[in-house]
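Enquirer: Please find one structure pasted underneath; my questions will follow.
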Amino acid sequence: MRSTIAGETILRGIPISEGVAMGVLYFLKPNEEFSVPEFTITTSQVNHEIGRYHEALSTSREELEKLQFFLQKEGATEAMSIIDSHIQMLDDPLLTSGMEEKISQMLQNTESVFQCVLNDYKSVFDQVDSPEIQERFSDVQDLSNRILKHLHPSPGIQDNESQGYIPSHSILCSYELIPTQTAAASPNHIQAFVTEIGGKTSHAALIAKSKGIPYISNIDVKEMEEYSGSVCIIDGDEGLMIINPSEETKKEYSQKKKSTKIFLKDEIKALPSIPKTQDGVEIAIQANLESIHDLRLLKEYNVESIGLLRSEFLYLRKEIKDFREDEQYDLYKKFIKLAKGIEVTFRVFDIGSDKKFFRSNLFEPNPALGCRSIRFLMKHPEMFSSQIRAILRAAIYGNVKLLLPLISDVQELIEAKEFINKEIKQLKKEGVSIPESISIGCMVEVPAFVIMCDKLIPLCDFLSIGTNDLVQYTLVADRSNPRTCDKYGPIHPSILRMIEHVTKEADKYNVPISICGEMASNPQFAKLLIGLGIRSLSCSPRFIPLLKYTVSKIDSIEASKLASDVLNMSTITEIKKRLNSNSE
């Protein structure tokens, strides 16, 4: 969507990584297609070619380890995890002994053999219609370009780590981004990313979030090339790109950017584990985690608990159906022990045909409304059983809770709890050590739960409101769809009324409640959520310091008045205006 107002060109894309940036547009040219040389070698040259190949692998490993070192200094744990997967791929038999055999069999130079193996690999991936599988091949392609760069240096391959040719304070525009390009970007050099393709779960997106670089996608980059060198504002919260902004707009966004406090390490350490409002109300700030590498930040950020562990993300590079109970147990045990007593809330596998973890997925015409999450698990009892048993066995090493996703019906919850209790009894019968009891909570993600919450809440030990899905299912709007993203709004009056209603019902039964969707990570909404009765927010680790700081500046009485005012409003526009006036 494109519009021009008072000399400003405004484009609406899809928000990928939050934040505001201002800089100069710089267009990154795509890697040119190039051909590697192809010639026959003799048997006496095989060892030399294999040696060249191993040298390229070794140099690639050194580069990636160096990149990982700098990411560690930046505290970009998600980025470190993804680059670590690239390093691990260098040990894949396909890229080691497989290549040695191919060179010996084909008797051709290493570059041509490597290209041939890569093409065979690509043909396998092309047969699978899955975003996660395609993301996996994107990693392979990224790594392959790195190896080829050392086997056959070519101007067609860009050096991702050497971005000195890009002017400082650039807004980097490209058709798409590969993971190492994003990982190598310095937030002090590159202010934001703009691409034509790319989703919120792509590795480039996860790295951008990890580094705190704003990023929007679904922008026609070729059409924007005429603006190369122009001043531009990127609003990663709203998915907006404002080219040639007016002085008034610059001032507005400068103020918005200043409201995001950047913390020094000493300041972070000084923040309490549980912050209090100015009038002494405790607000728990918990962490949402997806990777074992994320645990590194818990001590640094003085995190009290993990409010949401997305357990399926621990297996993004493997097929969950292939994981045995013992393998899951080993991983969960390692995770819990590394958490060192910090409470861990395991959301059981939130999967289905919409997330496409399996190559053998059955097609569903509308997967978001299909067999996913708890429905999927109850229809695949062997998978549900192996995970529950593994979590229960590992739970004796720490403090663990279970969270059930997408619960929409009382009978569904009763059956899920009966299933879990059956596994508990079976483990005890087998003489396996497990905790005496374990808390079982529900995600609040669908309107049906909100409507029936007076019946569902008494069956829960705790609740977690997943605003991402709740907004999607309530407003019938997918934020990743450019045609409906303008309809997607966490501060829509209906959503705020739902949050208030569920919070009041939870208070009646003394059931703890938190918010774990993206709404929880936005400091602009903190005062409103506290006013609605929320006393626990769970978010990505990098937002924790800012949220703690924000909470310390809030008065809960004023927050209640803000919430009361907002609940009487009818439109998002009114609510936004009220929230903006409150932040001035």
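So you can find residues: chains in the structure tokens are A, B, ... in the order shown, residues in each start at 1, and ligands are numbered from 1 in order.
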List the neighbours of Pro275 in chain A out to 12 Å using only C-alpha atoms; skip same-chain residues closer than 6 positions along the sequence, and give me the result as a list in words.
Expert: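 Skipping anything fewer than 6 positions along the chain leaves Val281, Glu282, Ile283, Ala284, Ile285, Gln286, Asn302, Val303, Glu304, Arg535, Ser536, Leu537, Ile544, Pro545, Leu546, Leu547, Lys548, Tyr549, Thr550, Val551, Ser552, Lys553 and Ile554 of chain A.
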Enquirer: Can those selected residues be exported to a file as an mmCIF file, in the first residue's frame so that it contains N, CA and C atoms?
Expert:
data_model
loop_
_atom_site.group_PDB
_atom_site.id
_atom_site.type_symbol
_atom_site.label_atom_id
_atom_site.label_comp_id
_atom_site.auth_asym_id
_atom_site.auth_seq_id
_atom_site.Cartn_x
_atom_site.Cartn_y
_atom_site.Cartn_z
ATOM 1 N N VAL A 281 3.128 -1.780 43.550
ATOM 2 C CA VAL A 281 2.495 -2.995 43.018
ATOM 3 C C VAL A 281 3.528 -3.804 42.233
ATOM 4 N N GLU A 282 3.705 -5.071 42.602
ATOM 5 C CA GLU A 282 4.677 -5.926 41.917
ATOM 6 C C GLU A 282 4.135 -6.398 40.569
ATOM 7 N N ILE A 283 4.974 -6.295 39.522
ATOM 8 C CA ILE A 283 4.627 -6.761 38.187
ATOM 9 C C ILE A 283 5.728 -7.725 37.733
ATOM 10 N N ALA A 284 5.396 -8.990 37.615
ATOM 11 C CA ALA A 284 6.397 -9.980 37.193
ATOM 12 C C ALA A 284 6.701 -9.817 35.704
ATOM 13 N N ILE A 285 7.979 -9.779 35.370
ATOM 14 C CA ILE A 285 8.410 -9.732 33.969
ATOM 15 C C ILE A 285 9.114 -11.057 33.663
ATOM 16 N N GLN A 286 8.473 -11.894 32.884
ATOM 17 C CA GLN A 286 8.984 -13.215 32.570
ATOM 18 C C GLN A 286 9.559 -13.249 31.156
ATOM 19 N N ASN A 302 18.536 -10.747 35.079
ATOM 20 C CA ASN A 302 17.924 -10.985 36.391
ATOM 21 C C ASN A 302 16.464 -11.418 36.222
ATOM 22 N N VAL A 303 16.264 -12.471 35.434
ATOM 23 C CA VAL A 303 14.927 -12.955 35.114
ATOM 24 C C VAL A 303 14.461 -13.942 36.180
ATOM 25 N N GLU A 304 13.237 -13.749 36.648
ATOM 26 C CA GLU A 304 12.687 -14.560 37.723
ATOM 27 C C GLU A 304 12.123 -15.890 37.219
ATOM 28 N N ARG A 535 -0.819 -8.554 36.017
ATOM 29 C CA ARG A 535 0.300 -8.414 36.954
ATOM 30 C C ARG A 535 1.511 -9.243 36.533
ATOM 31 N N SER A 536 1.477 -9.761 35.312
ATOM 32 C CA SER A 536 2.608 -10.546 34.810
ATOM 33 C C SER A 536 2.686 -10.410 33.296
ATOM 34 N N LEU A 537 3.874 -10.057 32.804
ATOM 35 C CA LEU A 537 4.119 -9.917 31.378
ATOM 36 C C LEU A 537 5.265 -10.839 30.994
ATOM 37 N N ILE A 544 13.074 -7.187 28.240
ATOM 38 C CA ILE A 544 12.890 -7.235 29.693
ATOM 39 C C ILE A 544 13.424 -5.991 30.410
ATOM 40 N N PRO A 545 14.659 -5.532 30.132
ATOM 41 C CA PRO A 545 15.142 -4.330 30.844
ATOM 42 C C PRO A 545 14.231 -3.119 30.644
ATOM 43 N N LEU A 546 13.799 -2.888 29.403
ATOM 44 C CA LEU A 546 12.948 -1.734 29.126
ATOM 45 C C LEU A 546 11.603 -1.856 29.840
ATOM 46 N N LEU A 547 11.036 -3.062 29.878
ATOM 47 C CA LEU A 547 9.753 -3.246 30.553
ATOM 48 C C LEU A 547 9.887 -3.025 32.059
ATOM 49 N N LYS A 548 10.976 -3.525 32.640
ATOM 50 C CA LYS A 548 11.197 -3.305 34.071
ATOM 51 C C LYS A 548 11.295 -1.804 34.373
ATOM 52 N N TYR A 549 12.042 -1.117 33.534
ATOM 53 C CA TYR A 549 12.211 0.332 33.702
ATOM 54 C C TYR A 549 10.862 1.044 33.549
ATOM 55 N N THR A 550 10.095 0.633 32.540
ATOM 56 C CA THR A 550 8.793 1.255 32.278
ATOM 57 C C THR A 550 7.848 1.061 33.456
ATOM 58 N N VAL A 551 7.802 -0.174 33.982
ATOM 59 C CA VAL A 551 6.933 -0.480 35.123
ATOM 60 C C VAL A 551 7.256 0.415 36.312
ATOM 61 N N SER A 552 8.552 0.663 36.539
ATOM 62 C CA SER A 552 8.966 1.471 37.702
ATOM 63 C C SER A 552 8.492 2.920 37.613
ATOM 64 N N LYS A 553 8.089 3.354 36.416
ATOM 65 C CA LYS A 553 7.634 4.736 36.205
ATOM 66 C C LYS A 553 6.104 4.862 36.203
ATOM 67 N N ILE A 554 5.416 3.733 36.407
ATOM 68 C CA ILE A 554 3.953 3.713 36.315
ATOM 69 C C ILE A 554 3.316 3.776 37.700
#
Enquirer: Could you tell me, as a ChimeraX atom specification, which residues of range 355-575 of chain A DSSP assigns to helix (DSSP H, G or I) when given the backbone?
Expert: /A:367-369,374-379,381-397,410-429,447-451,453-459,467-475,493-508,518-521,523-531,541-552,556-567,572-575
Enquirer: Can you list, as JSON, numbers by chain, every protein, DNA or RNA residue that comes within 8 Å of Ser556 in chain A when you count only C-alpha atoms, leaving out same-chain residues fewer than 2 positions away?
Expert: {"A": [277, 278, 279, 281, 527, 530, 531, 554, 558, 559, 560]}
Enquirer: Write a file of the selected residues as an mmCIF file, in the first residue's frame, keeping C-alpha atoms.
Expert:
data_model
loop_
_atom_site.group_PDB
_atom_site.id
_atom_site.type_symbol
_atom_site.label_atom_id
_atom_site.label_comp_id
_atom_site.auth_asym_id
_atom_site.auth_seq_id
_atom_site.Cartn_x
_atom_site.Cartn_y
_atom_site.Cartn_z
ATOM 1 C CA THR A 277 5.145 0.383 40.195
ATOM 2 C CA GLN A 278 5.646 3.770 41.845
ATOM 3 C CA ASP A 279 2.933 2.891 44.366
ATOM 4 C CA VAL A 281 2.495 -2.995 43.018
ATOM 5 C CA LYS A 527 0.421 1.015 31.681
ATOM 6 C CA ILE A 530 -1.540 -2.952 34.358
ATOM 7 C CA GLY A 531 -4.699 -0.846 34.482
ATOM 8 C CA ILE A 554 3.953 3.713 36.315
ATOM 9 C CA GLU A 558 -3.338 6.261 37.109
ATOM 10 C CA ALA A 559 -3.115 3.044 35.081
ATOM 11 C CA SER A 560 -6.588 2.004 36.273
#
Enquirer: Please identify all polymer residues within 12 Å of Glu100 in chain A, counting only C-alpha atoms, omitting same-chain residues fewer than 2 positions from it, and present them as a list in words.
Expert: Val46, Asn47, His48, Glu49, Ile50, Gly51, Arg52, Tyr53, His54, Pro93, Leu94, Leu95, Thr96, Ser97, Gly98, Lys102, Ile103, Ser104, Gln105, Met106, Leu107, Gln108, Asn109, Thr110, Val113, Phe114 and Val117 of chain A
Enquirer: Just how far from CA of Arg372 in chain A is CA of Asp326 in chain A, in Å to one decimal?
Expert: 24.4 Å
Enquirer: Using only C-alpha atoms, which residues sit within 8 Å of Gly307 in chain A once same-chain residues fewer than 4 positions away are excluded, as a list in words?
Expert: Gln286, Ala287, Asn288, Glu343, Val344, Thr345, Cys516 and Ser538 of chain A
Enquirer: Now that the selection is made, can you save its residues with N, CA and C atoms as a short mmCIF file (atom, residue, chain, number, x, y, z; two decimals), in the first residue's frame?
Expert:
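For reference, part.cif as written:
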data_model
loop_
_atom_site.label_atom_id
_atom_site.label_comp_id
_atom_site.auth_asym_id
_atom_site.auth_seq_id
_atom_site.Cartn_x
_atom_site.Cartn_y
_atom_site.Cartn_z
N GLN A 286 8.47 -11.89 32.88
CA GLN A 286 8.98 -13.21 32.57
C GLN A 286 9.56 -13.25 31.16
N ALA A 287 10.24 -14.35 30.83
CA ALA A 287 10.88 -14.47 29.52
C ALA A 287 10.18 -15.48 28.64
N ASN A 288 10.03 -15.14 27.36
CA ASN A 288 9.61 -16.10 26.33
C ASN A 288 10.87 -16.65 25.68
N GLU A 343 11.84 -20.99 37.30
CA GLU A 343 10.61 -21.65 36.87
C GLU A 343 10.51 -21.68 35.34
N VAL A 344 10.19 -22.85 34.79
CA VAL A 344 10.08 -23.02 33.34
C VAL A 344 8.67 -23.48 32.99
N THR A 345 7.97 -22.69 32.18
CA THR A 345 6.63 -23.06 31.72
C THR A 345 6.75 -23.65 30.32
N CYS A 516 1.47 -13.23 27.20
CA CYS A 516 2.73 -13.68 26.61
C CYS A 516 2.85 -13.36 25.13
N SER A 538 5.10 -11.57 29.90
CA SER A 538 6.15 -12.49 29.45
C SER A 538 6.54 -12.12 28.03
#
Enquirer: Select, from A:Leu532, A:Ser373, A:Ala394, A:Arg578, the residue with the minimum atom-to-atom distance to Ile557 in chain A, counting only C-alpha atoms.
Expert: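 The shortest atom-to-atom distance to Ile557 in chain A comes from A:Leu532.
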Enquirer: Between A:Val476, A:Ala204, A:Leu402, A:Ala56, which has the minimum distance to Asn145 in chain A (counting only C-alpha atoms)?
Expert: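 Closest to Asn145 in chain A of all the choices is A:Ala56.
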Enquirer: As a PyMOL selection string, please: every residue in range 3-127 of chain A that a backbone DSSP assignment puts in strand (DSSP E).
Expert: chain A and resi 3-5+8-12+14-17+20-27
Enquirer: Could you write out the selected residues, including C-alpha atoms, as a short mmCIF file (atom, residue, chain, number, x, y, z; two decimals), in the first residue's frame?
Expert:
data_model
loop_
_atom_site.label_atom_id
_atom_site.label_comp_id
_atom_site.auth_asym_id
_atom_site.auth_seq_id
_atom_site.Cartn_x
_atom_site.Cartn_y
_atom_site.Cartn_z
CA SER A 3 0.39 6.91 -0.57
CA THR A 4 1.88 10.41 -0.82
CA ILE A 5 1.01 13.09 1.73
CA GLU A 8 6.08 12.22 2.03
CA THR A 9 5.86 8.82 0.36
CA ILE A 10 4.34 6.33 2.80
CA LEU A 11 4.37 2.58 2.23
CA ARG A 12 2.81 -0.07 4.42
CA ILE A 14 4.63 -6.21 7.18
CA PRO A 15 6.35 -5.54 10.55
CA ILE A 16 9.10 -8.13 11.12
CA SER A 17 11.33 -6.67 13.85
CA VAL A 20 12.10 2.88 14.86
CA ALA A 21 15.00 3.92 12.63
CA MET A 22 15.90 6.92 10.52
CA GLY A 23 18.58 6.85 7.82
CA VAL A 24 19.45 6.96 4.14
CA LEU A 25 18.16 4.36 1.69
CA TYR A 26 20.84 2.03 0.34
CA PHE A 27 19.95 -0.72 -2.13
#
Enquirer: Write out as a PyMOL selection string which residues come within 12 Å of Val444 in chain A when counting only C-alpha atoms, dropping same-chain ones fewer than 4 positions away.
Expert: chain A and resi 403-409+448-453+456-457+460+462-471+473-474+495+498-499+501-503+506+513-517
